[in-house]
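Visitor: Provided herewith: entry_0.cif, mmCIF, N, CA, C and O atoms.
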```cif
data_final
#
loop_
_atom_site.label_atom_id
_atom_site.label_comp_id
_atom_site.auth_asym_id
_atom_site.auth_seq_id
_atom_site.Cartn_x
_atom_site.Cartn_y
_atom_site.Cartn_z
N MET A 3 7.75 4.33 -28.22
CA MET A 3 6.82 3.23 -28.08
C MET A 3 6.60 2.95 -26.60
O MET A 3 7.54 2.87 -25.83
N VAL A 4 5.34 2.78 -26.20
CA VAL A 4 4.98 2.55 -24.81
C VAL A 4 4.21 1.25 -24.71
O VAL A 4 3.32 0.99 -25.51
N THR A 5 4.56 0.44 -23.72
CA THR A 5 3.83 -0.79 -23.47
C THR A 5 2.87 -0.53 -22.32
O THR A 5 3.27 -0.04 -21.27
N GLN A 6 1.61 -0.86 -22.53
CA GLN A 6 0.62 -0.67 -21.48
C GLN A 6 0.03 -2.03 -21.13
O GLN A 6 -0.48 -2.74 -22.00
N LYS A 7 0.13 -2.40 -19.87
CA LYS A 7 -0.41 -3.68 -19.41
C LYS A 7 -1.89 -3.51 -19.10
O LYS A 7 -2.27 -2.60 -18.37
N VAL A 8 -2.70 -4.39 -19.66
CA VAL A 8 -4.13 -4.32 -19.43
C VAL A 8 -4.65 -5.74 -19.19
O VAL A 8 -4.38 -6.64 -19.99
N VAL A 9 -5.37 -5.92 -18.10
CA VAL A 9 -6.04 -7.18 -17.82
C VAL A 9 -7.50 -6.83 -17.54
O VAL A 9 -7.79 -5.98 -16.71
N SER A 10 -8.39 -7.46 -18.23
CA SER A 10 -9.82 -7.18 -18.09
C SER A 10 -10.29 -7.45 -16.66
O SER A 10 -9.87 -8.42 -16.03
N ARG A 11 -11.20 -6.61 -16.18
CA ARG A 11 -11.81 -6.82 -14.86
C ARG A 11 -12.61 -8.12 -14.83
O ARG A 11 -12.93 -8.62 -13.76
N LYS A 12 -12.91 -8.66 -15.97
CA LYS A 12 -13.60 -9.95 -16.03
C LYS A 12 -12.71 -11.05 -15.44
O LYS A 12 -13.19 -12.02 -14.87
N PHE A 13 -11.39 -10.89 -15.57
CA PHE A 13 -10.44 -11.91 -15.12
C PHE A 13 -9.78 -11.58 -13.79
O PHE A 13 -9.56 -12.47 -12.97
N VAL A 14 -9.41 -10.32 -13.57
CA VAL A 14 -8.72 -9.92 -12.32
C VAL A 14 -9.27 -8.59 -11.86
O VAL A 14 -9.37 -7.65 -12.64
N LYS A 15 -9.63 -8.53 -10.57
CA LYS A 15 -10.08 -7.25 -10.01
C LYS A 15 -9.63 -7.14 -8.56
O LYS A 15 -9.41 -8.15 -7.88
N LYS A 16 -9.46 -5.92 -8.11
CA LYS A 16 -9.05 -5.63 -6.73
C LYS A 16 -10.22 -5.91 -5.81
O LYS A 16 -11.36 -5.57 -6.11
N ILE A 17 -9.95 -6.54 -4.68
CA ILE A 17 -10.98 -6.76 -3.67
C ILE A 17 -10.94 -5.57 -2.73
O ILE A 17 -9.92 -5.33 -2.07
N GLU A 18 -12.01 -4.82 -2.68
CA GLU A 18 -12.07 -3.60 -1.87
C GLU A 18 -11.75 -3.90 -0.41
O GLU A 18 -12.11 -4.95 0.10
N THR A 19 -11.09 -2.97 0.23
CA THR A 19 -10.69 -3.01 1.65
C THR A 19 -9.70 -4.13 1.97
O THR A 19 -9.52 -4.48 3.13
N THR A 20 -9.06 -4.71 0.96
CA THR A 20 -8.02 -5.72 1.21
C THR A 20 -6.82 -5.42 0.34
O THR A 20 -6.87 -4.56 -0.54
N GLU A 21 -5.77 -6.17 0.56
CA GLU A 21 -4.55 -6.05 -0.25
C GLU A 21 -4.54 -7.07 -1.39
O GLU A 21 -3.57 -7.20 -2.11
N PHE A 22 -5.63 -7.80 -1.55
CA PHE A 22 -5.70 -8.90 -2.50
C PHE A 22 -6.43 -8.54 -3.79
O PHE A 22 -7.22 -7.61 -3.84
N TYR A 23 -6.17 -9.37 -4.80
CA TYR A 23 -6.90 -9.31 -6.06
C TYR A 23 -7.59 -10.65 -6.23
O TYR A 23 -7.13 -11.67 -5.72
N GLU A 24 -8.69 -10.64 -6.95
CA GLU A 24 -9.41 -11.86 -7.24
C GLU A 24 -9.23 -12.19 -8.71
O GLU A 24 -9.45 -11.34 -9.57
N MET A 25 -8.82 -13.42 -8.98
CA MET A 25 -8.67 -13.89 -10.35
C MET A 25 -9.77 -14.91 -10.61
O MET A 25 -9.99 -15.80 -9.78
N ARG A 26 -10.47 -14.77 -11.72
CA ARG A 26 -11.56 -15.69 -12.06
C ARG A 26 -11.18 -16.52 -13.28
O ARG A 26 -10.69 -16.00 -14.27
N VAL A 27 -11.44 -17.82 -13.16
CA VAL A 27 -11.17 -18.74 -14.26
C VAL A 27 -12.40 -19.61 -14.45
O VAL A 27 -12.90 -20.20 -13.49
N SER A 28 -12.90 -19.67 -15.66
CA SER A 28 -14.06 -20.50 -15.97
C SER A 28 -13.62 -21.80 -16.61
O SER A 28 -12.82 -21.80 -17.55
N VAL A 29 -14.15 -22.90 -16.07
CA VAL A 29 -13.90 -24.23 -16.63
C VAL A 29 -15.26 -24.89 -16.77
O VAL A 29 -15.91 -25.20 -15.77
N GLY A 30 -15.69 -25.06 -18.00
CA GLY A 30 -17.04 -25.58 -18.22
C GLY A 30 -18.06 -24.59 -17.65
O GLY A 30 -18.03 -23.41 -17.96
N THR A 31 -18.93 -25.08 -16.81
CA THR A 31 -19.94 -24.21 -16.18
C THR A 31 -19.50 -23.70 -14.82
O THR A 31 -20.22 -22.93 -14.20
N ASN A 32 -18.34 -24.14 -14.34
CA ASN A 32 -17.83 -23.69 -13.03
C ASN A 32 -16.95 -22.47 -13.17
O ASN A 32 -16.16 -22.37 -14.11
N GLU A 33 -17.06 -21.56 -12.22
CA GLU A 33 -16.17 -20.40 -12.19
C GLU A 33 -15.38 -20.45 -10.89
O GLU A 33 -15.94 -20.37 -9.80
N TYR A 34 -14.08 -20.61 -11.03
CA TYR A 34 -13.19 -20.69 -9.88
C TYR A 34 -12.62 -19.31 -9.59
O TYR A 34 -12.28 -18.57 -10.50
N ARG A 35 -12.52 -18.98 -8.32
CA ARG A 35 -11.97 -17.70 -7.90
C ARG A 35 -10.73 -17.96 -7.07
O ARG A 35 -10.72 -18.85 -6.23
N SER A 36 -9.70 -17.20 -7.34
CA SER A 36 -8.43 -17.34 -6.62
C SER A 36 -8.02 -15.98 -6.10
O SER A 36 -8.14 -14.98 -6.81
N PHE A 37 -7.54 -15.94 -4.86
CA PHE A 37 -7.01 -14.71 -4.31
C PHE A 37 -5.53 -14.67 -4.60
O PHE A 37 -4.80 -15.65 -4.38
N ILE A 38 -5.08 -13.53 -5.12
CA ILE A 38 -3.67 -13.35 -5.44
C ILE A 38 -3.16 -12.08 -4.79
O ILE A 38 -3.93 -11.18 -4.46
N PHE A 39 -1.84 -12.02 -4.60
CA PHE A 39 -1.19 -10.89 -3.94
C PHE A 39 -0.02 -10.45 -4.80
O PHE A 39 0.79 -11.28 -5.22
N ALA A 40 0.07 -9.16 -5.07
CA ALA A 40 1.18 -8.60 -5.85
C ALA A 40 2.39 -8.45 -4.93
O ALA A 40 2.33 -7.71 -3.96
N ILE A 41 3.48 -9.14 -5.25
CA ILE A 41 4.65 -9.14 -4.38
C ILE A 41 5.50 -7.89 -4.53
O ILE A 41 5.89 -7.27 -3.56
N ASP A 42 5.82 -7.53 -5.76
CA ASP A 42 6.85 -6.52 -6.00
C ASP A 42 6.34 -5.17 -6.47
O ASP A 42 7.10 -4.37 -7.01
N ALA A 43 5.05 -4.89 -6.27
CA ALA A 43 4.49 -3.58 -6.67
C ALA A 43 3.22 -3.33 -5.88
O ALA A 43 2.66 -4.25 -5.27
N ALA A 44 2.77 -2.10 -5.91
CA ALA A 44 1.56 -1.73 -5.17
C ALA A 44 0.29 -2.24 -5.84
O ALA A 44 -0.73 -2.39 -5.18
N SER A 45 0.35 -2.50 -7.14
CA SER A 45 -0.85 -2.98 -7.83
C SER A 45 -0.53 -4.16 -8.72
O SER A 45 0.62 -4.37 -9.13
N PHE A 46 -1.56 -4.91 -9.06
CA PHE A 46 -1.40 -6.07 -9.92
C PHE A 46 -0.87 -5.69 -11.30
O PHE A 46 -0.05 -6.39 -11.87
N MET A 47 -1.33 -4.57 -11.83
CA MET A 47 -0.92 -4.14 -13.17
C MET A 47 0.56 -3.78 -13.24
O MET A 47 1.16 -3.87 -14.30
N GLU A 48 1.14 -3.37 -12.13
CA GLU A 48 2.54 -2.95 -12.12
C GLU A 48 3.50 -4.06 -11.72
O GLU A 48 4.70 -3.94 -11.90
N CYS A 49 2.98 -5.15 -11.18
CA CYS A 49 3.88 -6.18 -10.63
C CYS A 49 4.37 -7.14 -11.71
O CYS A 49 3.78 -7.27 -12.78
N SER A 50 5.45 -7.81 -11.40
CA SER A 50 5.95 -8.86 -12.28
C SER A 50 5.94 -10.21 -11.57
O SER A 50 6.20 -11.23 -12.18
N ARG A 51 5.61 -10.19 -10.26
CA ARG A 51 5.54 -11.43 -9.48
C ARG A 51 4.28 -11.40 -8.60
O ARG A 51 3.97 -10.37 -8.00
N ILE A 52 3.60 -12.54 -8.52
CA ILE A 52 2.43 -12.66 -7.67
C ILE A 52 2.51 -13.94 -6.86
O ILE A 52 3.29 -14.84 -7.19
N VAL A 53 1.70 -14.01 -5.81
CA VAL A 53 1.53 -15.24 -5.04
C VAL A 53 0.05 -15.59 -5.12
O VAL A 53 -0.80 -14.75 -4.83
N MET A 54 -0.25 -16.80 -5.55
CA MET A 54 -1.63 -17.27 -5.55
C MET A 54 -1.88 -17.91 -4.19
O MET A 54 -1.17 -18.83 -3.80
N LEU A 55 -2.85 -17.40 -3.45
CA LEU A 55 -3.05 -17.80 -2.07
C LEU A 55 -4.04 -18.92 -1.87
O LEU A 55 -3.73 -19.93 -1.25
N ASN A 56 -5.26 -18.76 -2.32
CA ASN A 56 -6.25 -19.83 -2.20
C ASN A 56 -7.30 -19.68 -3.29
O ASN A 56 -7.51 -18.61 -3.82
N SER A 57 -7.94 -20.79 -3.59
CA SER A 57 -8.97 -20.82 -4.64
C SER A 57 -10.22 -21.48 -4.11
O SER A 57 -10.15 -22.32 -3.21
N PHE A 58 -11.36 -21.12 -4.70
CA PHE A 58 -12.63 -21.69 -4.27
C PHE A 58 -13.67 -21.47 -5.35
O PHE A 58 -13.49 -20.67 -6.26
N VAL A 59 -14.76 -22.21 -5.24
CA VAL A 59 -15.93 -22.00 -6.08
C VAL A 59 -16.93 -21.26 -5.20
O VAL A 59 -17.29 -21.74 -4.12
N GLU A 60 -17.35 -20.07 -5.64
CA GLU A 60 -18.23 -19.25 -4.82
C GLU A 60 -19.61 -19.90 -4.71
O GLU A 60 -20.23 -20.25 -5.69
N LYS A 61 -20.06 -20.04 -3.45
CA LYS A 61 -21.39 -20.58 -3.19
C LYS A 61 -22.33 -19.49 -2.68
O LYS A 61 -23.52 -19.55 -2.90
N SER A 62 -21.76 -18.50 -1.98
CA SER A 62 -22.55 -17.37 -1.50
C SER A 62 -21.63 -16.18 -1.26
O SER A 62 -20.42 -16.34 -1.13
N SER A 63 -22.21 -14.99 -1.20
CA SER A 63 -21.39 -13.79 -0.98
C SER A 63 -20.80 -13.77 0.43
O SER A 63 -19.80 -13.12 0.68
N LYS A 64 -21.42 -14.48 1.36
CA LYS A 64 -20.91 -14.54 2.73
C LYS A 64 -19.60 -15.32 2.80
O LYS A 64 -18.83 -15.16 3.74
N GLN A 65 -19.36 -16.15 1.83
CA GLN A 65 -18.17 -16.99 1.79
C GLN A 65 -16.89 -16.16 1.66
O GLN A 65 -15.83 -16.58 2.13
N TYR A 66 -16.98 -14.98 1.06
CA TYR A 66 -15.80 -14.15 0.83
C TYR A 66 -15.07 -13.83 2.13
O TYR A 66 -13.84 -13.83 2.17
N LYS A 67 -15.79 -13.53 3.19
CA LYS A 67 -15.17 -13.15 4.46
C LYS A 67 -14.24 -14.26 4.98
O LYS A 67 -13.11 -14.00 5.35
N SER A 68 -14.71 -15.49 4.96
CA SER A 68 -13.87 -16.60 5.44
C SER A 68 -12.71 -16.87 4.49
O SER A 68 -11.60 -17.20 4.94
N GLU A 69 -12.94 -16.73 3.19
CA GLU A 69 -11.87 -16.96 2.22
C GLU A 69 -10.78 -15.88 2.33
O GLU A 69 -9.60 -16.17 2.17
N ILE A 70 -11.17 -14.65 2.61
CA ILE A 70 -10.19 -13.57 2.82
C ILE A 70 -9.37 -13.85 4.06
O ILE A 70 -8.15 -13.66 4.07
N SER A 71 -10.01 -14.34 5.12
CA SER A 71 -9.28 -14.70 6.33
C SER A 71 -8.26 -15.80 6.05
O SER A 71 -7.13 -15.75 6.53
N LYS A 72 -8.68 -16.80 5.28
CA LYS A 72 -7.75 -17.88 4.90
C LYS A 72 -6.57 -17.32 4.12
O LYS A 72 -5.42 -17.70 4.35
N ALA A 73 -6.85 -16.42 3.16
CA ALA A 73 -5.78 -15.84 2.35
C ALA A 73 -4.81 -15.05 3.21
O ALA A 73 -3.59 -15.13 3.01
N ARG A 74 -5.31 -14.29 4.17
CA ARG A 74 -4.42 -13.53 5.07
C ARG A 74 -3.53 -14.47 5.89
O ARG A 74 -2.35 -14.20 6.07
N LYS A 75 -4.08 -15.56 6.37
CA LYS A 75 -3.29 -16.52 7.14
C LYS A 75 -2.22 -17.17 6.26
O LYS A 75 -1.06 -17.29 6.66
N ILE A 76 -2.59 -17.56 5.06
CA ILE A 76 -1.63 -18.17 4.13
C ILE A 76 -0.51 -17.19 3.81
O ILE A 76 0.68 -17.55 3.83
N LEU A 77 -0.85 -15.92 3.55
CA LEU A 77 0.15 -14.91 3.24
C LEU A 77 1.08 -14.68 4.43
O LEU A 77 2.30 -14.62 4.27
N LYS A 78 0.53 -14.60 5.63
CA LYS A 78 1.35 -14.41 6.83
C LYS A 78 2.30 -15.60 7.03
O LYS A 78 3.48 -15.41 7.29
N ASP A 79 1.79 -16.81 6.90
CA ASP A 79 2.63 -18.00 7.05
C ASP A 79 3.75 -18.01 6.01
O ASP A 79 4.89 -18.36 6.31
N TRP A 80 3.42 -17.62 4.76
CA TRP A 80 4.42 -17.58 3.70
C TRP A 80 5.48 -16.54 4.00
O TRP A 80 6.68 -16.80 3.87
N GLU A 81 5.06 -15.33 4.44
CA GLU A 81 6.01 -14.28 4.77
C GLU A 81 6.90 -14.68 5.94
O GLU A 81 8.09 -14.38 5.95
N ASP A 82 6.33 -15.36 6.94
CA ASP A 82 7.10 -15.81 8.10
C ASP A 82 8.14 -16.87 7.72
O ASP A 82 9.17 -16.99 8.37
N SER A 83 7.87 -17.62 6.65
CA SER A 83 8.80 -18.69 6.24
C SER A 83 9.99 -18.13 5.45
O SER A 83 10.95 -18.87 5.21
N LEU A 84 9.91 -16.89 5.01
CA LEU A 84 11.02 -16.32 4.20
C LEU A 84 12.21 -15.96 5.04
O LEU A 84 12.28 -15.70 6.12
#
```
Take the structure I supplied and represent it as structure tokens, if you would.
Guide:
Amino acid sequence: MVTQKVVSRKFVKKIETTEFYEMRVSVGTNEYRSFIFAIDAASFMECSRIVMLNSFVEKSSKQYKSEISKARKILKDWEDSL
């Protein structure tokens, strides 16, 4: 018997050219996006621990660049505190 972990790309997907994944959650008509980082594995599907870095409601595609910068700073600060 083999267990295969599957999470739909509708909910979690890798953000190209970064180490982060984007998690989407819909509440009513709003769709919230959160950047997450897999702590103990190279990919989200293989990990058992994650860090949720920051969340936002997307207003434009240009917003991603600043949100990725925020996520990198949060991750660095968290790693420095360990």
Visitor: Determine the residue membership of the PyMOL selection byres ((chain A and resi 58) around 6) for the file above and supply it as a PyMOL selection string.
Guide: chain A and resi 33-36+56-57+59-60
Visitor: Write down as a ChimeraX atom specification the residues belonging to segment 12-84 of chain A that are assigned alpha helix (DSSP H) by DSSP computed on the backbone.
Guide: /A:65-83
Visitor: If you keep N, CA, C and O atoms, can you produce a file of those selected residues as a PDB file, in the coordinates of the input?
Guide:
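Resulting contents of part-v2.pdb:
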```pdb
ATOM      1  N   GLN A  65     -19.360 -16.150   1.830  1.00  0.00           N
ATOM      2  CA  GLN A  65     -18.170 -16.990   1.790  1.00  0.00           C
ATOM      3  C   GLN A  65     -16.890 -16.160   1.660  1.00  0.00           C
ATOM      4  O   GLN A  65     -15.830 -16.580   2.130  1.00  0.00           O
ATOM      5  N   TYR A  66     -16.980 -14.980   1.060  1.00  0.00           N
ATOM      6  CA  TYR A  66     -15.800 -14.150   0.830  1.00  0.00           C
ATOM      7  C   TYR A  66     -15.070 -13.830   2.130  1.00  0.00           C
ATOM      8  O   TYR A  66     -13.840 -13.830   2.170  1.00  0.00           O
ATOM      9  N   LYS A  67     -15.790 -13.530   3.190  1.00  0.00           N
ATOM     10  CA  LYS A  67     -15.170 -13.150   4.460  1.00  0.00           C
ATOM     11  C   LYS A  67     -14.240 -14.260   4.980  1.00  0.00           C
ATOM     12  O   LYS A  67     -13.110 -14.000   5.350  1.00  0.00           O
ATOM     13  N   SER A  68     -14.710 -15.490   4.960  1.00  0.00           N
ATOM     14  CA  SER A  68     -13.870 -16.600   5.440  1.00  0.00           C
ATOM     15  C   SER A  68     -12.710 -16.870   4.490  1.00  0.00           C
ATOM     16  O   SER A  68     -11.600 -17.200   4.940  1.00  0.00           O
ATOM     17  N   GLU A  69     -12.940 -16.730   3.190  1.00  0.00           N
ATOM     18  CA  GLU A  69     -11.870 -16.960   2.220  1.00  0.00           C
ATOM     19  C   GLU A  69     -10.780 -15.880   2.330  1.00  0.00           C
ATOM     20  O   GLU A  69      -9.600 -16.170   2.170  1.00  0.00           O
ATOM     21  N   ILE A  70     -11.170 -14.650   2.610  1.00  0.00           N
ATOM     22  CA  ILE A  70     -10.190 -13.570   2.820  1.00  0.00           C
ATOM     23  C   ILE A  70      -9.370 -13.850   4.060  1.00  0.00           C
ATOM     24  O   ILE A  70      -8.150 -13.660   4.070  1.00  0.00           O
ATOM     25  N   SER A  71     -10.010 -14.340   5.120  1.00  0.00           N
ATOM     26  CA  SER A  71      -9.280 -14.700   6.330  1.00  0.00           C
ATOM     27  C   SER A  71      -8.260 -15.800   6.050  1.00  0.00           C
ATOM     28  O   SER A  71      -7.130 -15.750   6.530  1.00  0.00           O
ATOM     29  N   LYS A  72      -8.680 -16.800   5.280  1.00  0.00           N
ATOM     30  CA  LYS A  72      -7.750 -17.880   4.900  1.00  0.00           C
ATOM     31  C   LYS A  72      -6.570 -17.320   4.120  1.00  0.00           C
ATOM     32  O   LYS A  72      -5.420 -17.700   4.350  1.00  0.00           O
ATOM     33  N   ALA A  73      -6.850 -16.420   3.160  1.00  0.00           N
ATOM     34  CA  ALA A  73      -5.780 -15.840   2.350  1.00  0.00           C
ATOM     35  C   ALA A  73      -4.810 -15.050   3.210  1.00  0.00           C
ATOM     36  O   ALA A  73      -3.590 -15.130   3.010  1.00  0.00           O
ATOM     37  N   ARG A  74      -5.310 -14.290   4.170  1.00  0.00           N
ATOM     38  CA  ARG A  74      -4.420 -13.530   5.070  1.00  0.00           C
ATOM     39  C   ARG A  74      -3.530 -14.470   5.890  1.00  0.00           C
ATOM     40  O   ARG A  74      -2.350 -14.200   6.070  1.00  0.00           O
ATOM     41  N   LYS A  75      -4.080 -15.560   6.370  1.00  0.00           N
ATOM     42  CA  LYS A  75      -3.290 -16.520   7.140  1.00  0.00           C
ATOM     43  C   LYS A  75      -2.220 -17.170   6.260  1.00  0.00           C
ATOM     44  O   LYS A  75      -1.060 -17.290   6.660  1.00  0.00           O
ATOM     45  N   ILE A  76      -2.590 -17.560   5.060  1.00  0.00           N
ATOM     46  CA  ILE A  76      -1.630 -18.170   4.130  1.00  0.00           C
ATOM     47  C   ILE A  76      -0.510 -17.190   3.810  1.00  0.00           C
ATOM     48  O   ILE A  76       0.680 -17.550   3.830  1.00  0.00           O
ATOM     49  N   LEU A  77      -0.850 -15.920   3.550  1.00  0.00           N
ATOM     50  CA  LEU A  77       0.150 -14.910   3.240  1.00  0.00           C
ATOM     51  C   LEU A  77       1.080 -14.680   4.430  1.00  0.00           C
ATOM     52  O   LEU A  77       2.300 -14.620   4.270  1.00  0.00           O
ATOM     53  N   LYS A  78       0.530 -14.600   5.630  1.00  0.00           N
ATOM     54  CA  LYS A  78       1.350 -14.410   6.830  1.00  0.00           C
ATOM     55  C   LYS A  78       2.300 -15.600   7.030  1.00  0.00           C
ATOM     56  O   LYS A  78       3.480 -15.410   7.290  1.00  0.00           O
ATOM     57  N   ASP A  79       1.790 -16.810   6.900  1.00  0.00           N
ATOM     58  CA  ASP A  79       2.630 -18.000   7.050  1.00  0.00           C
ATOM     59  C   ASP A  79       3.750 -18.010   6.010  1.00  0.00           C
ATOM     60  O   ASP A  79       4.890 -18.360   6.310  1.00  0.00           O
ATOM     61  N   TRP A  80       3.420 -17.620   4.760  1.00  0.00           N
ATOM     62  CA  TRP A  80       4.420 -17.580   3.700  1.00  0.00           C
ATOM     63  C   TRP A  80       5.480 -16.540   4.000  1.00  0.00           C
ATOM     64  O   TRP A  80       6.680 -16.800   3.870  1.00  0.00           O
ATOM     65  N   GLU A  81       5.060 -15.330   4.440  1.00  0.00           N
ATOM     66  CA  GLU A  81       6.010 -14.280   4.770  1.00  0.00           C
ATOM     67  C   GLU A  81       6.900 -14.680   5.940  1.00  0.00           C
ATOM     68  O   GLU A  81       8.090 -14.380   5.950  1.00  0.00           O
ATOM     69  N   ASP A  82       6.330 -15.360   6.940  1.00  0.00           N
ATOM     70  CA  ASP A  82       7.100 -15.810   8.100  1.00  0.00           C
ATOM     71  C   ASP A  82       8.140 -16.870   7.720  1.00  0.00           C
ATOM     72  O   ASP A  82       9.170 -16.990   8.370  1.00  0.00           O
ATOM     73  N   SER A  83       7.870 -17.620   6.650  1.00  0.00           N
ATOM     74  CA  SER A  83       8.800 -18.690   6.240  1.00  0.00           C
ATOM     75  C   SER A  83       9.990 -18.130   5.450  1.00  0.00           C
ATOM     76  O   SER A  83      10.950 -18.870   5.210  1.00  0.00           O
TER      77      SER A  83
END
```
Visitor: Can you translate the PyMOL selection byres ((chain A and resi 52) around 8) into the concrete residues it hits in this file, as a list in words?
Guide: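 So the PyMOL selection byres ((chain A and resi 52) around 8), applied here, picks out Phe37, Ile38, Phe39, Ala40, Ile41, Asp42, Phe46, Cys49, Ser50, Arg51, Val53, Met54 and Leu55 of chain A.
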Visitor: May I have the residues from that selection written out with N, CA, C and O atoms, as a compact mmCIF listing (two decimals), in the coordinates of the input?
Guide:
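Result went into result.txt, see below:
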```txt
# COMPACT_ATOMS: atom_id res chain seq x y z
N PHE A 37 -7.54 -15.94 -4.86
CA PHE A 37 -7.01 -14.71 -4.31
C PHE A 37 -5.53 -14.67 -4.60
O PHE A 37 -4.80 -15.65 -4.38
N ILE A 38 -5.08 -13.53 -5.12
CA ILE A 38 -3.67 -13.35 -5.44
C ILE A 38 -3.16 -12.08 -4.79
O ILE A 38 -3.93 -11.18 -4.46
N PHE A 39 -1.84 -12.02 -4.60
CA PHE A 39 -1.19 -10.89 -3.94
C PHE A 39 -0.02 -10.45 -4.80
O PHE A 39 0.79 -11.28 -5.22
N ALA A 40 0.07 -9.16 -5.07
CA ALA A 40 1.18 -8.60 -5.85
C ALA A 40 2.39 -8.45 -4.93
O ALA A 40 2.33 -7.71 -3.96
N ILE A 41 3.48 -9.14 -5.25
CA ILE A 41 4.65 -9.14 -4.38
C ILE A 41 5.50 -7.89 -4.53
O ILE A 41 5.89 -7.27 -3.56
N ASP A 42 5.82 -7.53 -5.76
CA ASP A 42 6.85 -6.52 -6.00
C ASP A 42 6.34 -5.17 -6.47
O ASP A 42 7.10 -4.37 -7.01
N PHE A 46 -1.56 -4.91 -9.06
CA PHE A 46 -1.40 -6.07 -9.92
C PHE A 46 -0.87 -5.69 -11.30
O PHE A 46 -0.05 -6.39 -11.87
N CYS A 49 2.98 -5.15 -11.18
CA CYS A 49 3.88 -6.18 -10.63
C CYS A 49 4.37 -7.14 -11.71
O CYS A 49 3.78 -7.27 -12.78
N SER A 50 5.45 -7.81 -11.40
CA SER A 50 5.95 -8.86 -12.28
C SER A 50 5.94 -10.21 -11.57
O SER A 50 6.20 -11.23 -12.18
N ARG A 51 5.61 -10.19 -10.26
CA ARG A 51 5.54 -11.43 -9.48
C ARG A 51 4.28 -11.40 -8.60
O ARG A 51 3.97 -10.37 -8.00
N VAL A 53 1.70 -14.01 -5.81
CA VAL A 53 1.53 -15.24 -5.04
C VAL A 53 0.05 -15.59 -5.12
O VAL A 53 -0.80 -14.75 -4.83
N MET A 54 -0.25 -16.80 -5.55
CA MET A 54 -1.63 -17.27 -5.55
C MET A 54 -1.88 -17.91 -4.19
O MET A 54 -1.17 -18.83 -3.80
N LEU A 55 -2.85 -17.40 -3.45
CA LEU A 55 -3.05 -17.80 -2.07
C LEU A 55 -4.04 -18.92 -1.87
O LEU A 55 -3.73 -19.93 -1.25
```
Visitor: What gap, in Å, lies between atom N of Val14 of chain A and atom O of Arg26 of chain A?
Guide: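 Between these atoms lies a distance of 5.9 Å.
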Visitor: Report, in Å with one decimal, the straight-line distance from atom CA of Gly30 of chain A to atom CA of Phe13 of chain A.
Guide: 15.5 Å
Visitor: A:Thr20, A:Ala44, A:Lys61, A:Lys12: which is nearest Asn32 of chain A, counting only C-alpha atoms?
Guide: A:Lys61
Visitor: What gap, in Å, lies between atom CA of Glu48 of chain A and atom CA of Lys7 of chain A?
Guide: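 A separation of 7.9 Å between them.
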Visitor: Skipping near chain neighbours, those fewer than 6 positions away, what residues fall within 8 Å of segment 9-11 of chain A using only N, CA, C and O atoms, listed as a PDB file with N, CA, C and O atoms, in the coordinates of the input?
Guide:
```pdb
ATOM      1  N   GLU A  24      -8.690 -10.640  -6.950  1.00  0.00           N
ATOM      2  CA  GLU A  24      -9.410 -11.860  -7.240  1.00  0.00           C
ATOM      3  C   GLU A  24      -9.230 -12.190  -8.710  1.00  0.00           C
ATOM      4  O   GLU A  24      -9.450 -11.340  -9.570  1.00  0.00           O
ATOM      5  N   MET A  25      -8.820 -13.420  -8.980  1.00  0.00           N
ATOM      6  CA  MET A  25      -8.670 -13.890 -10.350  1.00  0.00           C
ATOM      7  C   MET A  25      -9.770 -14.910 -10.610  1.00  0.00           C
ATOM      8  O   MET A  25      -9.990 -15.800  -9.780  1.00  0.00           O
ATOM      9  N   ARG A  26     -10.470 -14.770 -11.720  1.00  0.00           N
ATOM     10  CA  ARG A  26     -11.560 -15.690 -12.060  1.00  0.00           C
ATOM     11  C   ARG A  26     -11.180 -16.520 -13.280  1.00  0.00           C
ATOM     12  O   ARG A  26     -10.690 -16.000 -14.270  1.00  0.00           O
ATOM     13  N   MET A  47      -1.330  -4.570 -11.830  1.00  0.00           N
ATOM     14  CA  MET A  47      -0.920  -4.140 -13.170  1.00  0.00           C
ATOM     15  C   MET A  47       0.560  -3.780 -13.240  1.00  0.00           C
ATOM     16  O   MET A  47       1.160  -3.870 -14.300  1.00  0.00           O
TER      17      MET A  47
END
```
Visitor: Which residues would end up in the selection if the PyMOL selection byres (((chain A and resi 70 and name CA) around 10) and name CA) were applied here, given that I need the answer as a list in words?
Guide: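 Given this file, the PyMOL selection byres (((chain A and resi 70 and name CA) around 10) and name CA) evaluates to Ile17, Thr20, Glu21, Phe22, Phe37, Leu55, Asn56, Gln65, Tyr66, Lys67, Ser68, Glu69, Ser71, Lys72, Ala73, Arg74, Lys75 and Ile76 of chain A.
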Visitor: Extract the full set of strand (DSSP E or B) residues from chain A according to DSSP on the backbone, and format it as a ChimeraX atom specification.
Guide: /A:14-16,23-29,32-40,52-59
